[in-house]
>>> print(open('work.cif').read())   # mmCIF, C-alpha atoms
data_input
loop_
_atom_site.group_PDB
_atom_site.id
_atom_site.type_symbol
_atom_site.label_atom_id
_atom_site.label_comp_id
_atom_site.auth_asym_id
_atom_site.auth_seq_id
_atom_site.Cartn_x
_atom_site.Cartn_y
_atom_site.Cartn_z
ATOM 1 C CA MET N 1 31.188 22.995 39.875
ATOM 2 C CA SER N 2 30.792 23.300 36.137
ATOM 3 C CA ARG N 3 28.296 21.076 34.368
ATOM 4 C CA GLU N 4 29.912 18.106 32.614
ATOM 5 C CA ARG N 5 29.899 18.486 28.865
ATOM 6 C CA PRO N 6 28.414 15.582 26.917
ATOM 7 C CA LYS N 7 30.981 13.249 25.403
ATOM 8 C CA ARG N 8 31.614 13.483 21.699
ATOM 9 C CA GLY N 9 28.967 11.446 19.861
ATOM 10 C CA THR N 10 26.524 11.484 22.775
ATOM 11 C CA LEU N 11 22.984 12.225 21.664
ATOM 12 C CA PRO N 12 21.519 15.422 23.139
ATOM 13 C CA PRO N 13 17.922 15.519 24.426
ATOM 14 C CA ALA N 14 15.526 15.207 21.479
ATOM 15 C CA GLN N 15 14.041 18.663 22.090
ATOM 16 C CA GLU N 16 17.303 20.279 20.951
ATOM 17 C CA ASN N 17 17.088 18.531 17.596
ATOM 18 C CA ILE N 18 13.351 19.210 17.322
ATOM 19 C CA GLU N 19 13.918 22.965 17.664
ATOM 20 C CA LYS N 20 16.890 22.920 15.270
ATOM 21 C CA LEU N 21 15.018 21.003 12.571
ATOM 22 C CA GLU N 22 11.902 23.158 12.911
ATOM 23 C CA LYS N 23 14.058 26.094 11.789
ATOM 24 C CA VAL N 24 15.376 24.116 8.806
ATOM 25 C CA VAL N 25 11.787 23.399 7.715
ATOM 26 C CA GLU N 26 10.766 27.027 8.267
ATOM 27 C CA GLU N 27 13.609 28.079 5.966
ATOM 28 C CA GLY N 28 12.115 25.911 3.216
ATOM 29 C CA ASN N 29 14.888 23.306 3.152
ATOM 30 C CA TYR N 30 12.419 20.423 3.223
ATOM 31 C CA TYR N 31 14.692 17.819 1.643
ATOM 32 C CA GLY N 32 17.596 18.619 3.963
ATOM 33 C CA ALA N 33 15.317 18.522 6.986
ATOM 34 C CA GLN N 34 13.883 15.189 5.853
ATOM 35 C CA GLN N 35 17.310 13.537 5.677
ATOM 36 C CA MET N 36 18.198 14.866 9.126
ATOM 37 C CA TYR N 37 14.889 13.749 10.663
ATOM 38 C CA LYS N 38 15.514 10.244 9.347
ATOM 39 C CA SER N 39 19.183 9.953 10.262
ATOM 40 C CA ILE N 40 18.921 11.531 13.737
ATOM 41 C CA SER N 41 15.794 9.546 14.696
ATOM 42 C CA ALA N 42 17.594 6.363 13.598
ATOM 43 C CA ARG N 43 20.376 7.180 16.073
ATOM 44 C CA TYR N 44 17.866 7.520 18.929
ATOM 45 C CA VAL N 45 16.339 4.180 17.922
ATOM 46 C CA SER N 46 19.790 2.541 17.849
ATOM 47 C CA ALA N 47 20.391 3.887 21.356
ATOM 48 C CA GLN N 48 16.978 2.451 22.361
ATOM 49 C CA ARG N 49 15.782 5.951 23.238
ATOM 50 C CA TYR N 50 12.475 5.218 21.556
ATOM 51 C CA SER N 51 10.381 7.905 23.251
ATOM 52 C CA GLU N 52 12.713 10.621 22.004
ATOM 53 C CA ALA N 53 12.728 9.124 18.515
ATOM 54 C CA LEU N 54 8.921 9.267 18.573
ATOM 55 C CA ASP N 55 8.954 12.919 19.675
ATOM 56 C CA LEU N 56 11.311 13.807 16.825
ATOM 57 C CA LEU N 57 9.391 11.867 14.176
ATOM 58 C CA GLN N 58 6.001 13.184 15.282
ATOM 59 C CA SER N 59 7.297 16.741 15.187
ATOM 60 C CA GLY N 60 8.882 16.145 11.772
ATOM 61 C CA ALA N 61 5.767 14.573 10.258
ATOM 62 C CA CYS N 62 3.542 17.408 11.518
ATOM 63 C CA ASN N 63 5.959 20.137 10.378
ATOM 64 C CA GLN N 64 6.371 18.720 6.880
ATOM 65 C CA LEU N 65 2.618 18.223 6.482
ATOM 66 C CA LYS N 66 1.879 21.760 7.707
ATOM 67 C CA HIS N 67 4.129 23.021 4.932
ATOM 68 C CA GLY N 68 2.390 20.888 2.292
ATOM 69 C CA GLN N 69 5.197 18.330 2.037
ATOM 70 C CA VAL N 70 2.890 15.329 1.973
ATOM 71 C CA THR N 71 5.345 12.707 0.723
ATOM 72 C CA CYS N 72 7.923 13.713 3.347
ATOM 73 C CA GLY N 73 5.331 13.931 6.105
ATOM 74 C CA ALA N 74 3.838 10.543 5.247
ATOM 75 C CA GLU N 75 7.289 8.934 5.275
ATOM 76 C CA LEU N 76 8.056 10.310 8.751
ATOM 77 C CA ALA N 77 4.577 9.295 9.940
ATOM 78 C CA ALA N 78 5.263 5.725 8.806
ATOM 79 C CA LEU N 79 8.635 5.808 10.608
ATOM 80 C CA PHE N 80 6.791 6.993 13.727
ATOM 81 C CA VAL N 81 4.680 3.795 13.606
ATOM 82 C CA ASP N 82 7.747 1.681 12.836
ATOM 83 C CA THR N 83 9.318 3.067 16.014
ATOM 84 C CA LEU N 84 6.182 2.179 17.997
ATOM 85 C CA VAL N 85 6.728 -1.412 16.855
ATOM 86 C CA LYS N 86 10.457 -1.440 17.610
ATOM 87 C CA GLY N 87 9.861 0.035 21.054
ATOM 88 C CA ARG N 88 6.921 -2.341 21.611
ATOM 89 C CA PHE N 89 4.612 0.514 22.648
ATOM 90 C CA PRO N 90 1.131 -0.766 23.593
ATOM 91 C CA TYR N 91 -2.047 0.532 21.993
ATOM 92 C CA ASP N 92 -3.535 3.071 24.422
ATOM 93 C CA ASN N 93 -5.258 6.451 24.439
ATOM 94 C CA GLU N 94 -2.006 8.403 24.666
ATOM 95 C CA ILE N 95 -0.478 6.837 21.549
ATOM 96 C CA LEU N 96 -3.837 6.983 19.770
ATOM 97 C CA ALA N 97 -3.954 10.745 20.424
ATOM 98 C CA ARG N 98 -0.513 11.105 18.836
ATOM 99 C CA VAL N 99 -1.595 9.123 15.765
ATOM 100 C CA ARG N 100 -4.684 11.349 15.515
ATOM 101 C CA LYS N 101 -2.566 14.496 15.782
ATOM 102 C CA ILE N 102 -0.449 13.454 12.798
ATOM 103 C CA TYR N 103 -3.579 12.387 10.885
ATOM 104 C CA LYS N 104 -5.164 15.823 11.369
ATOM 105 C CA GLU N 105 -2.172 17.512 9.733
ATOM 106 C CA PHE N 106 -2.722 15.747 6.392
ATOM 107 C CA PRO N 107 -4.035 18.435 4.018
ATOM 108 C CA ARG N 108 -7.667 18.700 2.945
ATOM 109 C CA ILE N 109 -7.623 19.844 -0.673
ATOM 110 C CA PRO N 110 -10.862 21.386 -2.025
ATOM 111 C CA VAL N 111 -11.588 20.352 -5.613
ATOM 112 C CA PRO N 112 -12.959 23.212 -7.787
ATOM 113 C CA GLN N 113 -16.609 22.626 -8.713
ATOM 114 C CA GLN N 114 -16.833 24.804 -11.837
ATOM 115 C CA LEU N 115 -14.530 24.913 -14.826
ATOM 116 C CA GLY N 116 -13.998 27.778 -17.220
ATOM 117 C CA ASP N 117 -11.021 28.165 -19.532
ATOM 118 C CA LEU N 118 -8.039 25.866 -20.164
ATOM 119 C CA ASP N 119 -6.221 27.151 -17.086
ATOM 120 C CA ASP N 120 -9.045 25.848 -14.929
ATOM 121 C CA VAL N 121 -8.731 22.382 -16.515
ATOM 122 C CA GLN N 122 -5.019 22.370 -15.804
ATOM 123 C CA GLN N 123 -5.650 23.564 -12.252
ATOM 124 C CA LEU N 124 -8.205 20.788 -11.770
ATOM 125 C CA SER N 125 -5.710 18.196 -13.011
ATOM 126 C CA GLU N 126 -3.050 19.467 -10.584
ATOM 127 C CA THR N 127 -5.546 19.586 -7.707
ATOM 128 C CA LEU N 128 -6.734 16.030 -8.356
ATOM 129 C CA GLY N 129 -3.118 14.850 -8.470
ATOM 130 C CA ALA N 130 -2.372 16.547 -5.159
ATOM 131 C CA ALA N 131 -5.520 15.080 -3.566
ATOM 132 C CA LYS N 132 -4.539 11.602 -4.749
ATOM 133 C CA THR N 133 -1.074 12.008 -3.216
ATOM 134 C CA CYS N 134 -2.631 13.060 0.093
ATOM 135 C CA VAL N 135 -5.012 10.082 0.163
ATOM 136 C CA GLU N 136 -2.219 7.628 -0.669
ATOM 137 C CA GLY N 137 0.072 9.118 1.992
ATOM 138 C CA CYS N 138 -2.563 9.256 4.723
ATOM 139 C CA SER N 139 -3.851 5.762 3.873
ATOM 140 C CA SER N 140 -0.379 4.205 3.999
ATOM 141 C CA PHE N 141 0.256 5.826 7.408
ATOM 142 C CA LEU N 142 -3.067 4.740 8.913
ATOM 143 C CA LYS N 143 -2.776 1.203 7.506
ATOM 144 C CA VAL N 144 0.568 0.609 9.223
ATOM 145 C CA ALA N 145 -0.921 2.174 12.366
ATOM 146 C CA LEU N 146 -3.763 -0.354 12.161
ATOM 147 C CA LYS N 147 -1.246 -3.173 11.848
ATOM 148 C CA TRP N 148 0.708 -1.909 14.883
ATOM 149 C CA SER N 149 -2.471 -1.538 16.971
ATOM 150 C CA ALA N 150 -3.648 -5.077 16.124
ATOM 151 C CA GLU N 151 -0.301 -6.452 17.257
ATOM 152 C CA PHE N 152 -0.098 -4.453 20.487
ATOM 153 C CA GLY N 153 -3.462 -4.603 22.209
ATOM 154 C CA ALA N 154 -6.267 -3.444 19.905
ATOM 155 C CA PRO N 155 -8.876 -5.804 18.405
ATOM 156 C CA ARG N 156 -7.611 -8.299 15.836
ATOM 157 C CA VAL N 157 -8.704 -6.115 12.889
ATOM 158 C CA GLY N 158 -7.003 -3.023 14.332
ATOM 159 C CA ALA N 159 -8.033 -0.022 16.411
ATOM 160 C CA PRO N 160 -11.642 0.996 15.624
ATOM 161 C CA GLU N 161 -10.755 4.690 16.039
ATOM 162 C CA ILE N 162 -8.100 4.409 13.313
ATOM 163 C CA HIS N 163 -10.571 2.659 10.994
ATOM 164 C CA VAL N 164 -12.942 5.636 11.408
ATOM 165 C CA MET N 165 -10.119 8.109 10.626
ATOM 166 C CA LEU N 166 -9.238 6.188 7.472
ATOM 167 C CA ALA N 167 -12.865 5.879 6.345
ATOM 168 C CA ASN N 168 -13.408 9.623 6.776
ATOM 169 C CA TYR N 169 -10.257 10.653 4.943
ATOM 170 C CA ILE N 170 -10.925 8.292 2.018
ATOM 171 C CA TYR N 171 -14.517 9.517 1.684
ATOM 172 C CA PHE N 172 -13.992 13.258 1.973
ATOM 173 C CA GLU N 173 -10.584 13.607 0.296
ATOM 174 C CA SER N 174 -10.510 10.998 -2.511
ATOM 175 C CA PRO N 175 -11.036 12.469 -5.997
ATOM 176 C CA GLU N 176 -13.264 9.444 -6.735
ATOM 177 C CA VAL N 177 -15.389 8.104 -3.883
ATOM 178 C CA ASP N 178 -15.040 4.365 -3.262
ATOM 179 C CA MET N 179 -17.930 3.524 -0.933
ATOM 180 C CA VAL N 180 -16.846 -0.118 -0.676
ATOM 181 C CA ARG N 181 -13.511 0.921 0.871
ATOM 182 C CA VAL N 182 -15.190 3.557 3.024
ATOM 183 C CA SER N 183 -17.727 1.043 4.346
ATOM 184 C CA HIS N 184 -15.050 -1.611 4.901
ATOM 185 C CA HIS N 185 -13.348 0.658 7.425
ATOM 186 C CA PHE N 186 -16.469 2.151 9.011
ATOM 187 C CA VAL N 187 -17.904 -1.273 9.909
ATOM 188 C CA ARG N 188 -14.627 -2.074 11.678
ATOM 189 C CA GLY N 189 -14.869 1.238 13.495
ATOM 190 C CA ASN N 190 -16.855 2.284 16.546
ATOM 191 C CA ASN N 191 -19.029 5.126 15.288
ATOM 192 C CA PRO N 192 -22.244 4.122 13.458
ATOM 193 C CA LYS N 193 -23.559 7.671 13.884
ATOM 194 C CA GLU N 194 -20.656 9.121 11.925
ATOM 195 C CA PHE N 195 -21.055 6.364 9.337
ATOM 196 C CA ALA N 196 -24.730 7.330 8.979
ATOM 197 C CA SER N 197 -23.756 10.986 8.429
ATOM 198 C CA THR N 198 -21.349 9.939 5.679
ATOM 199 C CA LEU N 199 -24.000 7.800 3.973
ATOM 200 C CA VAL N 200 -26.554 10.629 4.137
ATOM 201 C CA ASN N 201 -23.949 12.960 2.628
ATOM 202 C CA PHE N 202 -23.356 10.407 -0.144
ATOM 203 C CA MET N 203 -27.110 10.098 -0.785
ATOM 204 C CA GLY N 204 -27.180 13.820 -1.526
ATOM 205 C CA LYS N 205 -24.678 13.603 -4.385
ATOM 206 C CA CYS N 206 -24.704 10.059 -5.781
ATOM 207 C CA TYR N 207 -26.334 8.872 -9.006
ATOM 208 C CA PRO N 208 -29.922 7.580 -8.848
ATOM 209 C CA GLY N 209 -29.996 3.977 -7.665
ATOM 210 C CA GLU N 210 -26.705 4.190 -5.783
ATOM 211 C CA ASP N 211 -28.197 5.324 -2.475
ATOM 212 C CA ASP N 212 -30.030 2.099 -1.593
ATOM 213 C CA LEU N 213 -27.018 0.043 -2.703
ATOM 214 C CA ALA N 214 -24.754 1.987 -0.333
ATOM 215 C CA ILE N 215 -27.147 1.528 2.613
ATOM 216 C CA ALA N 216 -27.674 -2.177 1.920
ATOM 217 C CA ARG N 217 -23.938 -2.777 1.524
ATOM 218 C CA ALA N 218 -23.210 -1.081 4.846
ATOM 219 C CA ILE N 219 -25.840 -3.107 6.718
ATOM 220 C CA LEU N 220 -24.738 -6.399 5.147
ATOM 221 C CA MET N 221 -21.086 -5.670 5.947
ATOM 222 C CA TYR N 222 -21.944 -5.121 9.612
ATOM 223 C CA LEU N 223 -23.995 -8.324 9.669
ATOM 224 C CA SER N 224 -21.242 -10.353 7.969
ATOM 225 C CA LEU N 225 -19.098 -9.509 11.009
ATOM 226 C CA GLY N 226 -21.898 -10.717 13.298
ATOM 227 C CA ASN N 227 -22.653 -7.146 14.421
ATOM 228 C CA LEU N 228 -26.454 -6.935 14.481
ATOM 229 C CA ARG N 229 -26.459 -4.148 17.085
ATOM 230 C CA ASP N 230 -24.559 -1.618 14.971
ATOM 231 C CA ALA N 231 -26.421 -2.677 11.815
ATOM 232 C CA ASN N 232 -29.680 -1.690 13.531
ATOM 233 C CA ASN N 233 -28.120 1.455 15.008
ATOM 234 C CA LEU N 234 -26.919 2.504 11.561
ATOM 235 C CA MET N 235 -30.319 2.026 9.942
ATOM 236 C CA ASP N 236 -32.087 3.915 12.748
ATOM 237 C CA GLU N 237 -29.574 6.758 12.585
ATOM 238 C CA ILE N 238 -29.840 7.102 8.792
ATOM 239 C CA LYS N 239 -33.626 7.356 9.020
ATOM 240 C CA LYS N 240 -33.355 9.915 11.817
ATOM 241 C CA GLN N 241 -30.873 12.103 9.922
ATOM 242 C CA VAL N 242 -32.797 11.876 6.651
ATOM 243 C CA GLU N 243 -35.976 12.982 8.430
ATOM 244 C CA SER N 244 -34.256 15.868 10.224
ATOM 245 C CA LYS N 245 -32.836 17.128 6.905
ATOM 246 C CA GLN N 246 -36.175 16.640 5.143
ATOM 247 C CA LEU N 247 -34.681 14.285 2.571
ATOM 248 C CA ASP N 248 -36.298 11.275 0.940
ATOM 249 C CA PHE N 249 -35.311 7.894 2.300
ATOM 250 C CA PRO N 250 -34.845 5.455 -0.603
ATOM 251 C CA GLN N 251 -37.782 3.115 -1.112
ATOM 252 C CA SER N 252 -36.853 -0.002 -3.077
ATOM 253 C CA ASP N 253 -37.175 -3.764 -2.963
ATOM 254 C CA LEU N 254 -33.572 -3.915 -1.756
ATOM 255 C CA ILE N 255 -34.297 -1.688 1.248
ATOM 256 C CA GLN N 256 -37.427 -3.749 1.939
ATOM 257 C CA PHE N 257 -35.229 -6.868 1.988
ATOM 258 C CA ILE N 258 -32.815 -5.225 4.444
ATOM 259 C CA ASN N 259 -35.666 -4.272 6.794
ATOM 260 C CA PHE N 260 -37.050 -7.837 6.738
ATOM 261 C CA LEU N 261 -33.537 -9.269 7.211
ATOM 262 C CA LEU N 262 -32.859 -7.204 10.333
ATOM 263 C CA GLN N 263 -36.074 -8.516 11.873
ATOM 264 C CA THR N 264 -35.390 -12.118 10.812
ATOM 265 C CA LEU N 265 -31.926 -12.218 12.387
ATOM 266 C CA LEU N 266 -33.443 -11.484 15.798
ATOM 267 C CA ARG N 267 -34.789 -15.049 15.912
ATOM 268 C CA ASP N 268 -33.777 -18.560 14.964
ATOM 269 C CA ALA N 269 -35.412 -18.509 11.532
ATOM 270 C CA LEU N 270 -33.119 -20.012 8.896
ATOM 271 C CA PRO N 271 -36.006 -21.116 6.617
ATOM 272 C CA LEU N 272 -37.334 -17.535 6.571
ATOM 273 C CA PHE N 273 -33.811 -16.236 5.899
ATOM 274 C CA ASN N 274 -33.541 -18.527 2.865
ATOM 275 C CA MET N 275 -37.020 -17.564 1.662
ATOM 276 C CA LEU N 276 -36.071 -13.882 1.770
ATOM 277 C CA ARG N 277 -32.900 -14.544 -0.248
ATOM 278 C CA ALA N 278 -34.900 -16.402 -2.888
ATOM 279 C CA LYS N 279 -37.717 -13.835 -3.072
ATOM 280 C CA TYR N 280 -35.385 -10.816 -3.408
ATOM 281 C CA LYS N 281 -32.748 -12.501 -5.564
ATOM 282 C CA SER N 282 -33.211 -10.066 -8.469
ATOM 283 C CA SER N 283 -32.588 -7.119 -6.126
ATOM 284 C CA LEU N 284 -29.551 -8.805 -4.579
ATOM 285 C CA ASP N 285 -28.162 -9.534 -8.054
ATOM 286 C CA ARG N 286 -27.601 -5.796 -8.496
ATOM 287 C CA GLU N 287 -24.322 -6.263 -6.633
ATOM 288 C CA PRO N 288 -22.705 -9.725 -6.806
ATOM 289 C CA THR N 289 -20.879 -9.296 -3.483
ATOM 290 C CA PHE N 290 -24.241 -9.265 -1.663
ATOM 291 C CA HIS N 291 -24.574 -13.027 -2.135
ATOM 292 C CA GLU N 292 -21.132 -13.595 -0.631
ATOM 293 C CA LEU N 293 -21.974 -11.356 2.325
ATOM 294 C CA LEU N 294 -25.213 -13.253 2.882
ATOM 295 C CA ASP N 295 -23.300 -16.556 2.903
ATOM 296 C CA GLU N 296 -21.117 -15.109 5.667
ATOM 297 C CA ILE N 297 -24.222 -13.907 7.539
ATOM 298 C CA ALA N 298 -25.790 -17.376 7.306
ATOM 299 C CA GLU N 299 -22.629 -18.838 8.791
ATOM 300 C CA LYS N 300 -22.424 -16.252 11.592
ATOM 301 C CA PHE N 301 -26.082 -16.352 12.660
ATOM 302 C CA TYR N 302 -27.232 -19.852 11.735
ATOM 303 C CA GLY N 303 -24.056 -21.923 11.589
ATOM 304 C CA VAL N 304 -24.482 -22.696 7.879
ATOM 305 C CA ARG N 305 -21.124 -23.733 6.478
ATOM 306 C CA ARG N 306 -20.152 -21.824 3.379
ATOM 307 C CA ARG N 307 -20.232 -23.787 0.137
ATOM 308 C CA ASN N 308 -16.897 -25.356 -0.776
ATOM 309 C CA PRO N 309 -15.836 -24.038 -4.207
ATOM 310 C CA LEU N 310 -14.818 -27.598 -5.139
ATOM 311 C CA GLN N 311 -18.400 -28.822 -4.731
ATOM 312 C CA GLY N 312 -20.061 -29.430 -8.053
ATOM 313 C CA MET N 313 -16.746 -30.044 -9.828
ATOM 314 C CA GLY N 314 -17.299 -33.823 -9.778
ATOM 315 C CA MET N 315 -14.316 -35.908 -10.854
ATOM 316 C CA PHE N 316 -12.131 -32.816 -11.340
ATOM 317 C CA GLY N 317 -12.806 -31.737 -7.775
ATOM 318 C CA GLU N 318 -11.792 -35.139 -6.473
ATOM 319 C CA ILE N 319 -8.586 -35.098 -8.541
ATOM 320 C CA PHE N 320 -7.772 -31.614 -7.227
ATOM 321 C CA LYS N 321 -8.205 -32.839 -3.628
ATOM 322 C CA MET N 322 -6.008 -35.897 -4.272
ATOM 323 C CA MET N 323 -3.272 -33.585 -5.576
ATOM 324 C CA GLY N 324 -3.287 -31.723 -2.266
ATOM 325 C CA GLY N 325 -5.268 -28.726 -3.443
ATOM 326 C CA GLU N 326 -7.540 -28.695 -0.424
#
>>> encode(input="work.cif", output="structure tokens")
Amino acid sequence: MSRERPKRGTLPPAQENIEKLEKVVEEGNYYGAQQMYKSISARYVSAQRYSEALDLLQSGACNQLKHGQVTCGAELAALFVDTLVKGRFPYDNEILARVRKIYKEFPRIPVPQQLGDLDDVQQLSETLGAAKTCVEGCSSFLKVALKWSAEFGAPRVGAPEIHVMLANYIYFESPEVDMVRVSHHFVRGNNPKEFASTLVNFMGKCYPGEDDLAIARAILMYLSLGNLRDANNLMDEIKKQVESKQLDFPQSDLIQFINFLLQTLLRDALPLFNMLRAKYKSSLDREPTFHELLDEIAEKFYGVRRRNPLQGMGMFGEIFKMMGGE
């Protein structure tokens, strides 16, 4: 008996379209392939064949990225996450592995270290532009993946593994390093050892006086989340790696404050905590956000309510409250 032919308009198994579109990409018709990836995957989604839509979109994102089509690849990667949401796929190791596979296909663009003639300047400009595009594309993909994970089973701030991916890509691929953003994601991750390696790498190329700020910021960010364990692990790991690489660990009043703070938070010692803040105020003033982080730490560890911004406004504060501003 002959096999029944699919009815007109019936969607074939996704693998058929995956193989067909791989050839279109190989031929260099990136735009045409992109439109087909989007339209065909939308049909699978409409038919509630979400798993096949995911297979198609993952394949498309990886293929476009392998061929340097970052904007196209990032768009398909975002559609992959959108399909996870529509299909209500839970956060688990299998889906996380698929997110990681797409992430690994985003290009790593080396920036030339030495410049010669005008051509080199133009090349540098083009390279920096390409690197910026990669960071924006990868960041947008991982941010929506974080949002999906938070909604479907990961911690409230999103999957720690995805935070580590994002921190790494921002640090190593951004034309200009933003250690605040890098640290923001690492402290919501699950790998203090990798965070320590990144900070030690940064210490080897930053301007004088930036190394202790980066370490202090990282520790205070961990503590502001109530995470004393990883704050201590990070400090221990930095010291270990610095020693093994025969580098100098920064010695400053700020680092001295951090060491005292880590010891103080092990006990119920609010008066000592406040004394330390007062004594090292000039060091903490080097970065205004440190005071805000310490307010959060005081609330987390000692139950001190953060100061209401309306306090000290007198009559104007009362008027603002009466008008419903609170």
>>> closest_residue(input="work.cif", among="N:Ser140, N:Gln241, N:Thr83, N:Ser125", to="N:Gln48", atoms="all atoms listed in the file")
N:Thr83
>>> resolve_selection(input="work.cif", expression="the PyMOL selection byres ((chain N and resi 56) around 9)", output="ChimeraX atom specification")
/N:14-15,17-18,37,40-41,51-55,57-61,80
>>> resolve_selection(input="work.cif", expression="the PyMOL selection byres ((chain N and resi 154) around 12)", output="VMD selection string")
chain N and resid 89 to 93 95 to 96 145 to 153 155 to 163 188 to 189
>>> residues_around(input="work.cif", residues="N:Leu266", least_positions_apart="5", cutoff="10 Å", atoms="all atoms listed in the file", output="VMD selection string")
chain N and resid 228 261 301
>>> atom_distance(input="work.cif", atom1="atom CA of N:Val24", atom2="atom CA of N:Lys132")
27.1 Å
>>> resolve_selection(input="work.cif", expression="the PyMOL selection byres ((chain N and resi 284-290) around 10)", output="PyMOL selection string")
chain N and resi 213+216-217+220-221+253-254+257+277-283+291-296
>>> closest_residue(input="work.cif", among="N:Ala97, N:Leu262, N:Cys138, N:Ala33", to="N:Val70", atoms="all atoms listed in the file")
N:Cys138
>>> axis_aligned_box(input="work.cif", around="stretch 56-68 of chain N", padding_each_side="6 Å", output="AutoDock Vina command-line options")
--center_x 6.6 --center_y 17.4 --center_z 9.6 --size_x 21.4 --size_y 23.2 --size_z 26.5
>>> atom_distance(input="work.cif", atom1="atom CA of N:Val200", atom2="atom CA of N:Ile170")
15.9 Å
>>> closest_residue(input="work.cif", among="N:Ile297, N:Val164, N:Leu272, N:Ile219", to="N:Ile238", atoms="only C-alpha atoms")
N:Ile219
>>> closest_residue(input="work.cif", among="N:Ser139, N:Glu176, N:Glu237, N:Ser224", to="N:Lys300", atoms="all atoms listed in the file")
N:Ser224
>>> closest_residue(input="work.cif", among="N:Arg108, N:Arg49, N:Arg229, N:Arg100", to="N:Met165", atoms="all atoms listed in the file")
N:Arg100
>>> atom_distance(input="work.cif", atom1="atom CA of N:Ala214", atom2="atom CA of N:Gly303")
26.7 Å
>>> closest_residue(input="work.cif", among="N:Val242, N:Ile109, N:Val81, N:Leu270", to="N:Ala130", atoms="only C-alpha atoms")
N:Ile109
>>> residues_around(input="work.cif", residues="N:Val182", least_positions_apart="5", cutoff="8 Å", atoms="only C-alpha atoms", output="list in words")
Leu166, Ala167, Asn168, Ile170 and Tyr171 of chain N
